[in-house]
$ cat target09.txt   # compact mmCIF, C-alpha atoms
# COMPACT_ATOMS: atom_id res chain seq x y z
CA GLY A 1 9.80 -28.33 -40.40
CA ALA A 2 7.55 -27.73 -37.46
CA VAL A 3 8.25 -24.47 -35.59
CA ALA A 4 9.47 -25.27 -32.04
CA ILE A 5 7.11 -23.75 -29.48
CA LEU A 6 8.92 -21.41 -27.05
CA PRO A 7 8.63 -22.98 -23.57
CA ALA A 8 7.03 -20.93 -20.83
CA PRO A 9 9.18 -19.88 -17.85
CA GLN A 10 8.99 -22.27 -14.88
CA ASN A 11 9.49 -22.25 -11.11
CA LEU A 12 8.08 -18.80 -10.41
CA SER A 13 8.48 -17.61 -6.83
CA VAL A 14 8.55 -14.34 -4.91
CA HIS A 15 11.33 -13.46 -2.52
CA SER A 16 10.16 -10.65 -0.26
CA THR A 17 12.22 -9.02 2.45
CA ASN A 18 11.51 -5.71 4.19
CA MET A 19 8.73 -4.86 1.75
CA LYS A 20 10.93 -5.36 -1.34
CA HIS A 21 9.35 -8.00 -3.53
CA LEU A 22 11.37 -9.86 -6.18
CA LEU A 23 9.69 -12.26 -8.61
CA ILE A 24 12.15 -14.87 -9.93
CA TRP A 25 11.88 -17.83 -12.31
CA SER A 26 14.00 -20.38 -14.13
CA PRO A 27 15.45 -18.94 -17.37
CA VAL A 28 14.33 -20.32 -20.73
CA ILE A 29 17.51 -21.48 -22.47
CA ILE A 30 17.69 -21.38 -26.31
CA PRO A 31 21.31 -21.95 -27.37
CA GLY A 32 22.76 -18.99 -29.26
CA GLU A 33 19.66 -16.85 -28.63
CA THR A 34 18.64 -14.12 -26.20
CA VAL A 35 15.26 -14.71 -24.64
CA TYR A 36 13.30 -11.78 -23.21
CA TYR A 37 10.67 -11.82 -20.47
CA SER A 38 7.58 -9.76 -19.66
CA VAL A 39 5.69 -9.68 -16.37
CA GLU A 40 2.06 -8.80 -15.69
CA TYR A 41 0.02 -8.66 -12.49
CA GLN A 42 -3.51 -8.35 -11.18
CA GLY A 43 -4.52 -7.42 -7.66
CA GLU A 44 -7.39 -9.04 -5.85
CA TYR A 45 -9.63 -6.28 -7.21
CA GLU A 46 -8.91 -7.31 -10.80
CA SER A 47 -9.23 -11.01 -10.10
CA LEU A 48 -12.60 -10.45 -8.41
CA TYR A 49 -14.15 -7.75 -10.64
CA THR A 50 -12.27 -7.62 -13.98
CA SER A 51 -10.52 -10.98 -14.22
CA HIS A 52 -9.68 -10.49 -17.89
CA VAL A 53 -7.53 -7.45 -16.97
CA TRP A 54 -3.82 -8.05 -16.47
CA ILE A 55 -1.55 -5.05 -15.93
CA PRO A 56 1.99 -4.77 -17.38
CA SER A 57 4.54 -4.56 -14.55
CA SER A 58 6.08 -1.14 -14.04
CA TRP A 59 9.65 -2.23 -14.79
CA CYS A 60 9.63 -5.59 -16.54
CA SER A 61 8.64 -5.61 -20.19
CA LEU A 62 10.98 -7.47 -22.60
CA MET A 63 13.89 -7.67 -20.20
CA GLU A 64 16.74 -10.22 -20.23
CA GLU A 65 17.09 -11.04 -16.55
CA PRO A 66 14.95 -13.92 -15.19
CA GLU A 67 13.78 -11.73 -12.29
CA CYS A 68 11.56 -8.69 -11.74
CA ASP A 69 11.28 -6.20 -8.88
CA VAL A 70 7.50 -5.94 -8.44
CA THR A 71 7.67 -3.72 -5.35
CA ASP A 72 6.10 -0.74 -7.14
CA ASP A 73 3.27 -2.94 -8.44
CA ILE A 74 2.31 -4.58 -5.12
CA THR A 75 0.87 -1.47 -3.47
CA ALA A 76 -1.98 -2.85 -1.34
CA THR A 77 -2.19 -5.51 1.34
CA VAL A 78 -4.28 -7.89 -0.75
CA PRO A 79 -3.33 -11.04 -2.73
CA TYR A 80 -1.72 -10.41 -6.16
CA ASN A 81 -1.51 -12.78 -9.11
CA LEU A 82 1.72 -12.57 -11.12
CA ARG A 83 2.57 -14.08 -14.51
CA VAL A 84 5.58 -14.20 -16.86
CA ARG A 85 6.10 -15.13 -20.48
CA ALA A 86 9.16 -15.51 -22.69
CA THR A 87 9.66 -13.82 -26.06
CA LEU A 88 12.13 -14.67 -28.80
CA GLY A 89 11.88 -12.57 -31.92
CA SER A 90 8.24 -12.65 -33.00
CA GLN A 91 7.45 -15.74 -30.94
CA SER A 92 6.03 -15.63 -27.41
CA SER A 93 5.52 -18.48 -24.97
CA ALA A 94 2.40 -19.17 -22.97
CA TRP A 95 2.01 -17.27 -19.71
CA SER A 96 3.26 -18.92 -16.54
CA THR A 97 1.34 -17.83 -13.45
CA LEU A 98 2.57 -17.86 -9.84
CA THR A 99 0.90 -20.87 -8.24
CA GLN A 100 -0.04 -19.03 -5.04
CA PRO A 101 -1.10 -15.36 -5.07
CA PHE A 102 1.38 -13.16 -3.22
CA ASN A 103 0.38 -10.87 -0.34
CA ARG A 104 2.91 -8.37 0.96
CA ASN A 105 1.91 -9.13 4.53
CA SER A 106 4.11 -12.26 4.17
CA THR A 107 7.27 -10.22 3.67
CA ILE A 108 10.23 -11.15 5.91
CA LEU A 109 11.01 -8.35 8.34
CA THR A 110 14.61 -8.31 9.55
CA PRO A 111 15.85 -6.50 12.66
CA PRO A 112 17.11 -3.05 11.62
CA GLY A 113 20.74 -2.10 11.39
CA MET A 114 21.68 0.62 13.87
CA GLU A 115 24.74 2.75 14.58
CA LEU A 116 25.43 4.08 18.07
CA THR A 117 27.68 7.09 18.54
CA LYS A 118 28.60 9.24 21.55
CA ASP A 119 28.60 12.99 21.36
CA GLY A 120 30.07 13.90 24.73
CA PHE A 121 27.54 12.49 27.23
CA HIS A 122 24.87 12.21 24.53
CA LEU A 123 24.03 8.80 23.10
CA VAL A 124 23.02 9.15 19.44
CA ILE A 125 21.44 6.43 17.30
CA GLU A 126 21.06 6.20 13.54
CA LEU A 127 18.79 3.48 12.21
CA GLU A 128 18.95 1.82 8.81
CA ASP A 129 16.87 3.66 6.21
CA LEU A 130 14.39 1.04 4.99
CA GLY A 131 11.96 3.36 3.21
CA PRO A 132 8.84 5.37 4.03
CA GLN A 133 6.71 2.42 5.19
CA PHE A 134 9.02 1.65 8.13
CA GLU A 135 8.78 2.96 11.68
CA PHE A 136 11.10 1.87 14.49
CA LEU A 137 10.77 1.06 18.14
CA VAL A 138 13.97 1.67 20.12
CA ALA A 139 14.41 0.23 23.61
CA TYR A 140 17.30 1.43 25.82
CA TRP A 141 18.33 0.96 29.42
CA LYS A 142 21.16 1.66 31.81
CA ARG A 143 23.14 -1.54 32.37
CA GLU A 144 22.62 -2.07 36.08
CA ALA A 145 20.54 -4.38 38.23
CA GLY A 146 16.81 -3.61 38.06
CA ALA A 147 17.28 -0.99 35.35
CA LYS A 148 14.07 0.32 33.74
CA GLU A 149 13.71 -0.12 29.98
CA HIS A 150 12.79 3.06 28.09
CA VAL A 151 11.11 2.99 24.70
CA LYS A 152 11.12 5.54 21.85
CA THR A 153 9.22 5.40 18.53
CA VAL A 154 11.23 6.65 15.55
CA SER A 155 9.28 7.50 12.40
CA SER A 156 12.12 7.14 9.87
CA GLY A 157 15.62 5.77 9.46
CA GLY A 158 18.77 7.37 8.12
CA ILE A 159 18.64 10.33 10.54
CA PRO A 160 20.81 10.62 13.70
CA LEU A 161 18.61 10.83 16.79
CA HIS A 162 19.53 11.83 20.34
CA LEU A 163 18.51 8.94 22.56
CA VAL A 164 19.64 9.82 26.09
CA THR A 165 22.08 11.95 28.05
CA MET A 166 24.29 9.45 29.83
CA GLU A 167 25.64 9.57 33.38
CA PRO A 168 29.43 9.49 33.68
CA GLY A 169 30.83 5.97 34.17
CA ALA A 170 27.50 4.28 33.34
CA ALA A 171 26.92 1.82 30.49
CA TYR A 172 23.83 1.94 28.33
CA CYS A 173 22.35 -0.77 26.08
CA VAL A 174 20.10 -0.34 23.06
CA LYS A 175 18.04 -2.61 20.79
CA ALA A 176 15.58 -1.81 18.00
CA GLN A 177 12.81 -3.38 15.89
CA THR A 178 10.94 -2.21 12.80
CA PHE A 179 7.17 -1.75 12.46
CA VAL A 180 5.26 -1.63 9.15
CA LYS A 181 1.80 -0.11 9.69
CA ALA A 182 0.54 -1.10 6.21
CA ILE A 183 0.77 -4.78 7.14
CA GLY A 184 0.50 -4.39 10.94
CA ARG A 185 3.64 -6.37 11.67
CA HIS A 186 6.99 -5.76 13.36
CA SER A 187 10.41 -7.43 13.12
CA ALA A 188 12.29 -9.19 15.88
CA PHE A 189 14.50 -6.98 18.03
CA SER A 190 18.06 -6.48 16.95
CA GLN A 191 20.94 -7.76 19.06
CA ALA A 192 21.44 -5.33 21.95
CA GLU A 193 24.50 -3.08 21.73
CA CYS A 194 26.02 -1.43 24.80
CA VAL A 195 28.20 1.65 25.14
CA GLU A 196 30.11 3.03 28.09
CA VAL A 197 30.52 6.73 28.46
CA GLN A 198 34.33 6.52 28.33
CA GLY A 199 34.56 3.03 26.84
CA GLU A 200 34.05 1.50 23.37
CA VAL A 201 30.85 -0.20 22.11
CA LEU A 202 30.75 -3.47 23.96
CA PRO A 203 28.98 -6.55 22.57
CA LEU A 204 26.57 -8.05 25.16
CA GLY B 1 -14.58 6.45 15.17
CA LEU B 2 -13.19 6.16 11.67
CA ARG B 3 -9.55 6.41 12.76
CA ARG B 4 -9.68 3.16 14.72
CA CYS B 5 -11.28 1.40 11.76
CA LEU B 6 -8.78 2.55 9.12
CA ILE B 7 -5.66 2.67 11.27
CA SER B 8 -3.49 0.57 8.93
CA THR B 9 -4.55 2.25 5.68
CA ASP B 10 -1.82 4.22 3.92
CA MET B 11 -4.00 7.16 2.85
CA HIS B 12 -0.95 9.14 1.75
CA HIS B 13 -0.03 6.53 -0.86
CA ILE B 14 -3.59 6.46 -2.20
CA GLU B 15 -3.64 10.25 -2.50
CA GLU B 16 -0.25 10.20 -4.21
CA SER B 17 -1.48 7.61 -6.71
CA PHE B 18 -4.52 9.75 -7.54
CA GLN B 19 -2.58 13.00 -7.87
CA GLU B 20 -0.37 11.36 -10.50
CA ILE B 21 -3.36 10.60 -12.76
CA LYS B 22 -5.82 13.36 -11.75
CA ARG B 23 -5.10 15.67 -14.71
CA ALA B 24 -5.30 12.87 -17.28
CA ILE B 25 -8.55 11.51 -15.82
CA GLN B 26 -10.25 14.90 -15.44
CA ALA B 27 -9.27 15.73 -19.03
CA GLN B 28 -11.47 12.81 -20.15
CA ASP B 29 -14.50 14.32 -18.32
CA THR B 30 -16.70 16.04 -20.91
CA PHE B 31 -19.46 17.14 -18.50
CA GLN B 32 -17.62 19.75 -16.45
CA ASN B 33 -20.73 21.48 -15.03
CA VAL B 34 -22.11 18.30 -13.45
CA THR B 35 -20.92 16.65 -10.23
CA ILE B 36 -21.53 13.20 -8.77
CA LEU B 37 -20.22 13.48 -5.22
CA SER B 38 -21.83 16.98 -5.03
CA THR B 39 -19.52 18.22 -2.27
CA SER B 40 -21.69 21.00 -0.94
CA GLU B 41 -24.77 18.95 -0.09
CA THR B 42 -23.83 15.31 0.26
CA LEU B 43 -20.50 14.71 1.97
CA GLN B 44 -20.20 17.93 3.94
CA SER B 45 -23.61 17.43 5.54
CA VAL B 46 -22.74 13.95 6.87
CA LYS B 47 -22.67 13.86 10.67
CA PRO B 48 -19.61 12.39 12.47
CA SER B 49 -21.68 9.42 13.67
CA ASP B 50 -22.48 8.56 10.05
CA THR B 51 -18.97 8.83 8.61
CA CYS B 52 -18.07 5.15 8.97
CA CYS B 53 -21.24 4.03 7.20
CA VAL B 54 -20.94 6.63 4.41
CA THR B 55 -17.29 5.66 3.91
CA LYS B 56 -18.29 2.02 3.65
CA ASN B 57 -21.07 2.83 1.18
CA LEU B 58 -18.89 5.06 -0.98
CA LEU B 59 -16.06 2.54 -1.01
CA ALA B 60 -18.62 0.04 -2.34
CA PHE B 61 -19.79 2.63 -4.90
CA TYR B 62 -16.23 2.93 -6.25
CA VAL B 63 -15.36 -0.77 -6.02
CA ASP B 64 -18.64 -2.18 -7.37
CA ARG B 65 -19.39 0.47 -9.99
CA VAL B 66 -16.80 3.11 -10.85
CA PHE B 67 -13.60 1.07 -11.22
CA LYS B 68 -15.54 -1.66 -13.06
CA ASP B 69 -17.27 0.73 -15.47
CA HIS B 70 -14.10 2.62 -16.40
CA ARG B 71 -12.03 1.46 -19.37
CA GLU B 72 -8.39 2.58 -19.25
CA PRO B 73 -6.03 1.90 -22.19
CA ASN B 74 -2.98 3.68 -20.73
CA PRO B 75 -0.89 1.18 -18.64
CA ARG B 76 0.60 3.94 -16.45
CA ILE B 77 -2.88 5.22 -15.48
CA LEU B 78 -4.21 1.66 -15.23
CA ARG B 79 -1.53 0.85 -12.62
CA LYS B 80 -2.54 3.80 -10.47
CA ILE B 81 -6.25 2.98 -10.72
CA SER B 82 -5.44 -0.62 -9.80
CA SER B 83 -3.42 0.57 -6.83
CA ILE B 84 -6.35 2.66 -5.58
CA ALA B 85 -8.93 -0.05 -6.31
CA ASN B 86 -6.98 -2.70 -4.37
CA ALA B 87 -6.40 -0.26 -1.50
CA PHE B 88 -10.18 0.39 -1.40
CA LEU B 89 -10.76 -3.37 -1.33
CA TYR B 90 -8.46 -3.61 1.67
CA MET B 91 -10.23 -0.68 3.35
CA GLN B 92 -13.60 -2.37 2.78
CA ARG B 93 -12.33 -5.48 4.52
CA THR B 94 -10.96 -3.43 7.40
CA LEU B 95 -14.26 -1.56 7.78
CA ARG B 96 -16.18 -4.85 7.60
CA ARG B 97 -14.17 -6.14 10.58
CA CYS B 98 -14.99 -2.89 12.33
CA GLN B 99 -18.68 -3.34 11.61
CA GLU B 100 -18.62 -6.83 13.07
CA GLN B 101 -17.46 -5.18 16.29
CA ARG B 102 -20.52 -2.87 15.94
CA ARG B 103 -18.59 0.38 15.44
CA CYS B 104 -19.91 1.31 11.99
CA HIS B 105 -23.64 2.05 12.39
CA CYS B 106 -25.79 2.86 9.31
CA ARG B 107 -28.68 5.34 9.87
CA GLN B 108 -31.21 6.62 7.29
CA GLU B 109 -29.29 9.88 6.81
CA ALA B 110 -26.21 7.96 5.75
CA THR B 111 -28.21 5.83 3.32
CA ASN B 112 -29.79 8.95 1.83
CA ALA B 113 -26.41 10.58 1.30
CA THR B 114 -25.20 7.55 -0.63
CA ARG B 115 -28.36 7.26 -2.70
CA ILE B 116 -27.87 10.83 -3.97
CA VAL B 117 -24.45 9.80 -5.30
CA HIS B 118 -25.88 6.73 -7.06
CA ASP B 119 -28.72 8.84 -8.51
CA ASN B 120 -26.24 11.37 -9.85
CA TYR B 121 -24.22 8.51 -11.36
CA ASP B 122 -27.27 7.06 -13.07
CA GLN B 123 -28.07 10.40 -14.73
CA LEU B 124 -25.01 10.07 -16.98
CA GLU B 125 -23.95 7.55 -19.61
CA ILE B 126 -21.98 4.84 -17.85
CA ARG B 127 -18.45 5.67 -19.16
CA SER B 128 -18.95 9.40 -18.56
CA ALA B 129 -20.24 8.73 -15.08
CA ALA B 130 -17.28 6.47 -14.30
CA VAL B 131 -14.63 8.90 -15.51
CA LYS B 132 -16.32 11.81 -13.67
CA SER B 133 -16.44 9.81 -10.42
CA LEU B 134 -12.77 8.87 -10.84
CA GLY B 135 -11.97 12.56 -11.35
CA GLU B 136 -13.78 13.38 -8.09
CA LEU B 137 -11.78 10.86 -6.05
CA ASP B 138 -9.87 13.71 -4.43
CA VAL B 139 -13.17 14.94 -2.92
CA PHE B 140 -13.78 11.53 -1.35
CA LEU B 141 -10.14 11.09 -0.25
CA ALA B 142 -10.07 14.56 1.32
CA TRP B 143 -13.31 13.77 3.15
CA ILE B 144 -11.87 10.49 4.51
CA ASP B 145 -8.62 12.24 5.46
CA LYS B 146 -10.54 14.97 7.25
CA HIS B 147 -12.48 12.45 9.30
CA HIS B 148 -9.33 10.38 9.80
CA GLN B 149 -7.58 13.54 11.09
CA ASP B 150 -10.51 14.80 13.24
CA THR B 151 -10.86 11.61 15.18
CA SER B 152 -7.14 11.38 15.78
CA ALA B 153 -6.54 15.02 16.79
$ encode --input "target09.txt" --output "structure tokens"
Amino acid sequence: GAVAILPAPQNLSVHSTNMKHLLIWSPVIIPGETVYYSVEYQGEYESLYTSHVWIPSSWCSLMEEPECDVTDDITATVPYNLRVRATLGSQSSAWSTLTQPFNRNSTILTPPGMELTKDGFHLVIELEDLGPQFEFLVAYWKREAGAKEHVKTVSSGGIPLHLVTMEPGAAYCVKAQTFVKAIGRHSAFSQAECVEVQGEVLPL
Amino acid sequence: GLRRCLISTDMHHIEESFQEIKRAIQAQDTFQNVTILSTSETLQSVKPSDTCCVTKNLLAFYVDRVFKDHREPNPRILRKISSIANAFLYMQRTLRRCQEQRRCHCRQEATNATRIVHDNYDQLEIRSAAVKSLGELDVFLAWIDKHHQDTSA
């Protein structure tokens, strides 16, 4: 009888948050069989100058999961074409290509996580480690009428940083946002957190 | 200066990408006693006022000629070349915006410097010229970095 043609994967989309880019698609279901997937990409350079060239993704050749982390492939702030095909035994489907090219400058930037600690009168902050592309802007102020807001730029997360030496009995508030130079964008500020020299961390 | 034009370019990532393939690319270069970017005369003699224009011209040299003329069968190396090529494309666009704001002037000296590179390229067979130019990317990247650093010091 006629050999059934393996359907191509459908519903490709990219979920990108904090410069981590995940290509996902609807799985191809063949009862009783394991279907494998392979992903390829081309940057704007390839689509403009060598459009026949498609590059195998770093991590996703003949894998079972209907998703692929393409973060290591999307390395420039230009549009990228992405495509997927299914393989079952010796049979491969047609390629399915992402309908809209993906540009990393569309990634969702979330406010950074931060941890405030007191070391005596010293207020110490540790920001979420989001990777080498992330810088942080930290704003802090003494909680009193007319207080001046101070700003510090932090070049990387995951490292405790002395923010300010606090006055006894005063309360200090802190908020932070990320900045990604490669795409020239920053996140919203985090919720402000306040700390009192002898008290506990107080929500606003 | 160049720093303002290329402020959002991740030069470190480009250099990292090249370092990972440098040995493999330079091993393909069979004309070791010939150079295309000719470091001593061409790039080093460029005046600070010409750096933006020479950068723009050499980016075009790599984007329009070198990356196109090179054939790379190894996927690992191909990924790194693609990463650099797309980063250069982004840099071109950034410099073009700079030029629209009239901060990237092109004088005759700059044009001469670039023509020497193209002449050197044309002396060799196209694949040999492409692989040699790829192998000399560190010369170009170091030159950009130097001018990036100088203007920001």
$ closest_residue --input "target09.txt" --among "B:Leu124, B:Ala129, B:Cys53, B:Ile21" --to "B:Leu78" --atoms "all atoms listed in the file"
B:Ile21
$ closest_residue --input "target09.txt" --among "A:Val84, A:Ile29, A:Ile183, A:Ile24" --to "chain B" --atoms "all atoms listed in the file"
A:Ile183
$ interface_residues --input "target09.txt" --of "chain B" --to "chain A" --cutoff "7 Å" --atoms "all atoms listed in the file" --output "list of chain:residue names"
B:Ser8, B:Thr9, B:Asp10, B:Lys68, B:Pro75, B:Arg79, B:Ser83, B:Ala85, B:Asn86, B:Ala87, B:Leu89, B:Tyr90
$ atom_distance --input "target09.txt" --atom1 "atom CA of B:Gly135" --atom2 "atom CA of B:Leu43"
16.0 Å
$ closest_residue --input "target09.txt" --among "B:Gln26, B:Tyr121, B:Arg76, B:Asp138" --to "A:Trp59" --atoms "all atoms listed in the file"
B:Arg76
$ decode --input "target09.txt" --residues "stretch 6-17 of chain A" --atoms "all heavy atoms" --output "compact mmCIF listing (two decimals), in the first residue's frame"
# COMPACT_ATOMS: atom_id res chain seq x y z
N LEU A 6 5.11 11.25 6.47
CA LEU A 6 5.22 11.74 7.84
C LEU A 6 4.84 13.23 7.87
O LEU A 6 5.45 14.03 7.13
CB LEU A 6 6.66 11.55 8.32
CG LEU A 6 6.95 11.78 9.79
CD1 LEU A 6 6.16 10.79 10.66
CD2 LEU A 6 8.45 11.65 10.07
N PRO A 7 3.84 13.61 8.66
CA PRO A 7 3.44 15.03 8.69
C PRO A 7 4.53 15.91 9.29
O PRO A 7 5.32 15.46 10.14
CB PRO A 7 2.19 15.02 9.57
CG PRO A 7 2.21 13.75 10.32
CD PRO A 7 3.02 12.78 9.55
N ALA A 8 4.57 17.13 8.83
CA ALA A 8 5.56 18.07 9.35
C ALA A 8 5.04 18.64 10.68
O ALA A 8 3.83 18.76 10.87
CB ALA A 8 5.77 19.20 8.35
N PRO A 9 5.93 18.99 11.59
CA PRO A 9 5.50 19.61 12.85
C PRO A 9 4.74 20.91 12.59
O PRO A 9 5.01 21.60 11.61
CB PRO A 9 6.83 19.89 13.57
CG PRO A 9 7.84 19.00 12.93
CD PRO A 9 7.40 18.85 11.52
N GLN A 10 3.78 21.22 13.45
CA GLN A 10 2.98 22.43 13.27
C GLN A 10 3.08 23.35 14.48
O GLN A 10 3.63 22.97 15.52
CB GLN A 10 1.49 22.02 13.07
CG GLN A 10 1.23 21.17 11.83
CD GLN A 10 1.64 21.88 10.54
OE1 GLN A 10 1.29 23.05 10.32
NE2 GLN A 10 2.44 21.18 9.72
N ASN A 11 2.53 24.55 14.32
CA ASN A 11 2.39 25.51 15.44
C ASN A 11 3.73 25.88 16.08
O ASN A 11 3.88 25.86 17.30
CB ASN A 11 1.45 24.96 16.52
CG ASN A 11 0.11 24.58 15.95
OD1 ASN A 11 -0.45 25.32 15.12
ND2 ASN A 11 -0.39 23.38 16.29
N LEU A 12 4.70 26.19 15.25
CA LEU A 12 6.01 26.60 15.79
C LEU A 12 5.86 27.99 16.43
O LEU A 12 5.18 28.86 15.88
CB LEU A 12 7.05 26.70 14.67
CG LEU A 12 7.78 25.43 14.24
CD1 LEU A 12 6.81 24.42 13.65
CD2 LEU A 12 8.86 25.77 13.23
N SER A 13 6.52 28.14 17.58
CA SER A 13 6.59 29.48 18.18
C SER A 13 7.81 29.55 19.09
O SER A 13 8.36 28.51 19.48
CB SER A 13 5.32 29.77 19.00
OG SER A 13 5.24 28.87 20.10
N VAL A 14 8.24 30.77 19.36
CA VAL A 14 9.40 30.96 20.24
C VAL A 14 8.94 31.65 21.52
O VAL A 14 8.24 32.66 21.46
CB VAL A 14 10.50 31.81 19.56
CG1 VAL A 14 11.64 32.10 20.55
CG2 VAL A 14 11.04 31.11 18.33
N HIS A 15 9.30 31.05 22.63
CA HIS A 15 9.05 31.68 23.93
C HIS A 15 10.41 32.17 24.43
O HIS A 15 11.33 31.38 24.59
CB HIS A 15 8.46 30.66 24.92
CG HIS A 15 7.06 30.28 24.60
ND1 HIS A 15 6.07 30.10 25.53
CD2 HIS A 15 6.45 30.10 23.39
CE1 HIS A 15 4.93 29.79 24.92
NE2 HIS A 15 5.12 29.77 23.61
N SER A 16 10.52 33.49 24.60
CA SER A 16 11.81 34.06 24.98
C SER A 16 11.64 34.93 26.21
O SER A 16 10.89 35.91 26.20
CB SER A 16 12.36 34.89 23.83
OG SER A 16 13.56 35.52 24.22
N THR A 17 12.37 34.58 27.25
CA THR A 17 12.36 35.36 28.48
C THR A 17 13.78 35.53 28.98
O THR A 17 14.53 34.56 29.02
CB THR A 17 11.51 34.66 29.57
OG1 THR A 17 10.19 34.47 29.06
CG2 THR A 17 11.45 35.51 30.83
